[in-house]
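Take a look at the structure set out below.
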Number of protein chains: 4
Amino acid sequence: MSKKISALKTIGLIGKYGDPQIAPIVARLIEFLQGRGLTVLLEQSTAEILALRHPHTRPLAAIGRDIDLAVVVGGDGTMLSAARNIAGFKVPMIGVNLGRLGFLTDIAADHMLEGLATILDGDFKTEERLLLAAEVVRDGQVVYSCNAFNDVVINKGALARLIEFETHVNGEFVNSTRADGVIVATPTGSTAYALSAGGPILHPTLPAMVLVPICPHTLSDRPIAVSSDSRIEIVMTSTSSQSAHVTFDGQANYSLHDRDRVRVQRAATPVILVHPSQRDHYEVLRAKLHWGEKF
Amino acid sequence: MSKKISALKTIGLIGKYGDPQIAPIVARLIEFLQGRGLTVLLEQSTAEILALRHPHTRPLAAIGRDIDLAVVVGGDGTMLSAARNIAGFKVPMIGVNLGRLGFLTDIAADHMLEGLATILDGDFKTEERLLLAAEVVRDGQVVYSCNAFNDVVINKGALARLIEFETHVNGEFVNSTRADGVIVATPTGSTAYALSAGGPILHPTLPAMVLVPICPHTLSDRPIAVSSDSRIEIVMTSTSSQSAHVTFDGQANYSLHDRDRVRVQRAATPVILVHPSQRDHYEVLRAKLHWGEKF
Amino acid sequence: MSKKISALKTIGLIGKYGDPQIAPIVARLIEFLQGRGLTVLLEQSTAEILALRHPHTRPLAAIGRDIDLAVVVGGDGTMLSAARNIAGFKVPMIGVNLGRLGFLTDIAADHMLEGLATILDGDFKTEERLLLAAEVVRDGQVVYSCNAFNDVVINKGALARLIEFETHVNGEFVNSTRADGVIVATPTGSTAYALSAGGPILHPTLPAMVLVPICPHTLSDRPIAVSSDSRIEIVMTSTSSQSAHVTFDGQANYSLHDRDRVRVQRAATPVILVHPSQRDHYEVLRAKLHWGEKF
Amino acid sequence: MSKKISALKTIGLIGKYGDPQIAPIVARLIEFLQGRGLTVLLEQSTAEILALRHPHTRPLAAIGRDIDLAVVVGGDGTMLSAARNIAGFKVPMIGVNLGRLGFLTDIAADHMLEGLATILDGDFKTEERLLLAAEVVRDGQVVYSCNAFNDVVINKGALARLIEFETHVNGEFVNSTRADGVIVATPTGSTAYALSAGGPILHPTLPAMVLVPICPHTLSDRPIAVSSDSRIEIVMTSTSSQSAHVTFDGQANYSLHDRDRVRVQRAATPVILVHPSQRDHYEVLRAKLHWGEKF
């Protein structure tokens, strides 16, 4: 990996959607990267909203094709969106946060130029993270598909009291559940919504996904972690008309009908994160979860 | 209470909304009650849906004015709806379930005539249960109000990721919460949705309500039980536009705006339940929650 | 209460057990209180360990008889111990903490003289808190009894895998449980061990106690809050020999045998806490539980 | 595997420790297996307690050396004990339960001869399960070591209020914890004690172990699942004298001192379970956890 990065020529810049305060940061990054002789491609909506005149732009869905590294400016939400779009191109990515520590954005904007310089000099580590590929099957047809880096969430409509569904893993029936919904989370997503719903923390490199029921009616319906090679299928079973939705990283969504099947499995390619070499995963957990330090 | 019931003259019959299978049960009840020389008032939509020709009907909202006892045929949901409507008239009520044990419906349809005869003969106990009165305040005006026997639930819209709100009790600021929502439950409601969300079981006679956050972002946001004399106020605080709703027993609902205040306190009158004298609250809990029996 | 405090003549001083660092604080308190013309009684072991020559000392168990107010220097543990011993004498108490905010110790040592002066001038509020009275009954005889301000905890021995017991409330059988143990907590204790075991937070003035199972085998065995007027009885039921203990505020303990009955109910007198009048209970919770502040 | 079983010559029989009611079952098994021309080795204490005269016995710790398959008669506890002892010899094992379904004992005693005949005829599947190897290090020396099939549990002594320890994974500091203890569980153990303490269910084949804090003081101390290749180290850190123990499958134990280090990692060999080919893991979960069946 080190070799690839030292050989990199083109850097993609992706900014937080619709947030003008990132303009000076992006401008500084462009200057810095061009100063190192690198070509910079700017994500299109980032360019538009920032009113940055830049010769090379690409839409988010296509930028991965032409870059060697993505630098993402924003919070974890921006990283999720970027990851879903560029992971398929096997492009490594690194996040610059705007001040608040993120689970995914390692570099603080205040020190970003030093941070990036170190990485461009070859002092970094990479990590492959599980990405999910989900699809909604209705009457035998795939009617929607979407990737997810954190989680695929099936949730009741706002006014529904609960939804009913069956869970199958690798074709085996697991159980029937009455609940507010269910979360299928990656290790990355295990510290997001799934944690609030009572799920465990999965180490980022564990080849697993976890199914976390949301407010289940049966109190022994507990989170289940299965192999990341599993094929998960959630079948909406209520015979009465109900309102349910599936959301992807909380950013994309689709309305579900009775008998719809939501299938989730590992995407063809992982997300490749670039980290400063001294980055400590547990230090991030301790800071974000207010864990005690050493006694 | 025994005296009042022995002196009762008019019985209200309230059936599960829109369920034709209760027709023969209601018919048998009318015959039985009239056979004992009692006057029967039939809830209006029950009469309509059952196509029962019956001279005396009243709308649900008004039937409480003219009856001495309500006999409710259906499940816990029917009891909730009936309770919200008749509690204000201080009318005691008893539930007949359609086969599945309920928390609130003590008498099985199969044995209902014996069960009711025993009660009409004066062998019963009554229990007062907390009823909640809630209102939504917008720009200083009450824009909606509703009672709740189980719970007042503030919940995010289907596609929202979370909502933000402040909780105040008796004018004191408790905390700010990012969560899927919050449940304000009575002891009766503590074994319903609040239990699925991680709340404690409150004994029915405990003068308390419990605030249960739903999937809170902060893991130390835990259920809080406060006196049933408390005035609870939930203030929707997000400055960004969001989608939130408040529901009452999962049966009535209202859309919330930013800055709306949802106020919850004890209703002026409690719900009065009539139970067979041998009814055992913990036996119901053991059966519904699959607790172990005596070793 | 204000009148009683303004009329108070004798102050008891109780220090953290065996901690010499409280010596200068206690010395300063003696001087301050005597300077206001008050008589000071020193708890005996506090006097001994501090090597303070002071004419008036009393053992902890007896000091309550002769004082009008107890000033307790230490942490929450010192308050628990003092409360169990002096509550029976209906003596109000106030805690001085050694630097770390406590749930029970309102006044920081750094500002204790101003804090006490304000209170002695009559600017304070008092609060009655539930105290538990517990006893162990073996073969029909009471073999041990103890009060508890936080909790009565029945726990497995270190090497036992679990214990089995039956719970009865007011003579009614609740359930049989296989678990590590069970906690009977007051509202005061609800933010201590019971919280770690999954119990709810009870407002200090709620007339309730809560039974919290510790790691129950049956996942639907959930915390139950009952009236503080309840008589709780835990019956140890395992037929095989097992090792179990009951502890009181984690400070006193007694070994249990099979068939032992642990009875818990409200003590004859409450604990009377004196607080600075501006003390905010929820502010303490927010600080101790790292809750979010206002958005 | 099928080939190996079809080629097997010597079967080990291991009975529930000290339980005379298994005598007729074991006698029937001996007759059945010898009737198929197989050699039977009897575990020594099983032979003694049953007073079975049998020419070939071996101690539990050694029986694995000379057998091709172990048939274990008892409950899950007997399986745990047998697994710790024979896994090192790579001997597959199958459990016969005495009437109550177990997570590990697939064959009911009532149908054991048919069940075993089917398996001996080659109709079965095998499954490798993670076994843990743990050791206690004191002053740089290993003072105790033991395997565990369910879990390694570090727990406070009966009268201690809590213990303090640091957790390290692969040499990286995770966090400091104040708690009743911590469970390091295998996927097999995830449905045992770890589940009662709030841990997730891990699928048996997931290459993971899970650290589950027991009643942690910090509410955000949540279960963490890590790779089964991880080296876990728990360091007892309290400076005050405290009482703590480590137990292995709840069956073996060792007292811990301050500064002791408990190291846990994957054992050199897994446990090899033989299952009837139609065995359905989720069916066992549904039955044991009272999950709902298909709607």
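FYI, nothing fancy with the structure tokens labels: chains A, B, ... in order, residues from 1 per chain, ligands from 1 as they appear.
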
Would you give me, as a PyMOL selection string, the residues of chain B that come within 10 Å of chain C, using only C-alpha atoms?
chain B and resi 164-169+172-178+187+190+195+198-208+210-212+217-228+237-239+280-283+285-286+288-295

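Between Phe32 (chain A) and the residues A:Leu120, A:Val72, A:Val137, A:Val246, the shortest atom-to-atom distance, using only C-alpha atoms, involves A:Leu120.
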
State, in Å with one decimal place, the distance from CA of Val262 (chain B) to CA of Glu128 (chain B).
25.0 Å

I need the residues in region 27-175 of chain C that are strand (DSSP E) according to DSSP; give them as a ChimeraX atom specification.
/C:39-43,57-58,69-73,93-97,107-108,124-129,132-138,141-148,151-156,163-169,172-175

Report as a PyMOL selection string all protein, DNA and RNA residues lying within 7 Å of region 92-97 of chain D, evaluated on only C-alpha atoms, omitting residues in the same chain fewer than 6 positions from it.
chain D and resi 69-75+79+104-109+112+272-275

Keeping C-alpha atoms, export the residues of the selection given above as a PDB file, in the first residue's frame.
ATOM      1  CA  LEU D  69     -14.995 -40.356  19.588  1.00  0.00           C
ATOM      2  CA  ALA D  70     -16.292 -39.273  22.981  1.00  0.00           C
ATOM      3  CA  VAL D  71     -19.926 -39.815  23.883  1.00  0.00           C
ATOM      4  CA  VAL D  72     -20.788 -37.572  26.807  1.00  0.00           C
ATOM      5  CA  VAL D  73     -23.844 -38.289  28.963  1.00  0.00           C
ATOM      6  CA  GLY D  74     -25.163 -35.416  31.060  1.00  0.00           C
ATOM      7  CA  GLY D  75     -25.884 -31.751  30.533  1.00  0.00           C
ATOM      8  CA  MET D  79     -19.806 -31.303  27.917  1.00  0.00           C
ATOM      9  CA  LEU D 104     -24.375 -28.670  23.524  1.00  0.00           C
ATOM     10  CA  THR D 105     -26.124 -31.997  24.046  1.00  0.00           C
ATOM     11  CA  ASP D 106     -27.947 -32.785  20.843  1.00  0.00           C
ATOM     12  CA  ILE D 107     -29.270 -36.277  21.435  1.00  0.00           C
ATOM     13  CA  ALA D 108     -32.083 -37.003  23.890  1.00  0.00           C
ATOM     14  CA  ALA D 109     -31.445 -40.063  26.064  1.00  0.00           C
ATOM     15  CA  MET D 112     -29.941 -42.117  21.889  1.00  0.00           C
ATOM     16  CA  ILE D 272     -14.800 -30.743  17.629  1.00  0.00           C
ATOM     17  CA  LEU D 273     -18.523 -31.333  17.988  1.00  0.00           C
ATOM     18  CA  VAL D 274     -20.416 -34.044  16.133  1.00  0.00           C
ATOM     19  CA  HIS D 275     -24.038 -33.180  15.340  1.00  0.00           C
TER      20      HIS D 275
END

Env of Asp110 (chain D): 10 Å cut, atoms = only C-alpha atoms, seq-sep filter 4 positions within chain, self excluded. Answer as a list of chain:residue names.
D:Ile25, D:Val96, D:Asn97, D:Leu98, D:Gly99, D:Glu114, D:Gly115

Tell me which protein, DNA and RNA residues are within 6 Å of region 131-133 of chain A, counting only C-alpha atoms, leaving out same-chain ones fewer than 2 positions away, and put them as a PyMOL selection string.
chain A and resi 147-149+264-267+270
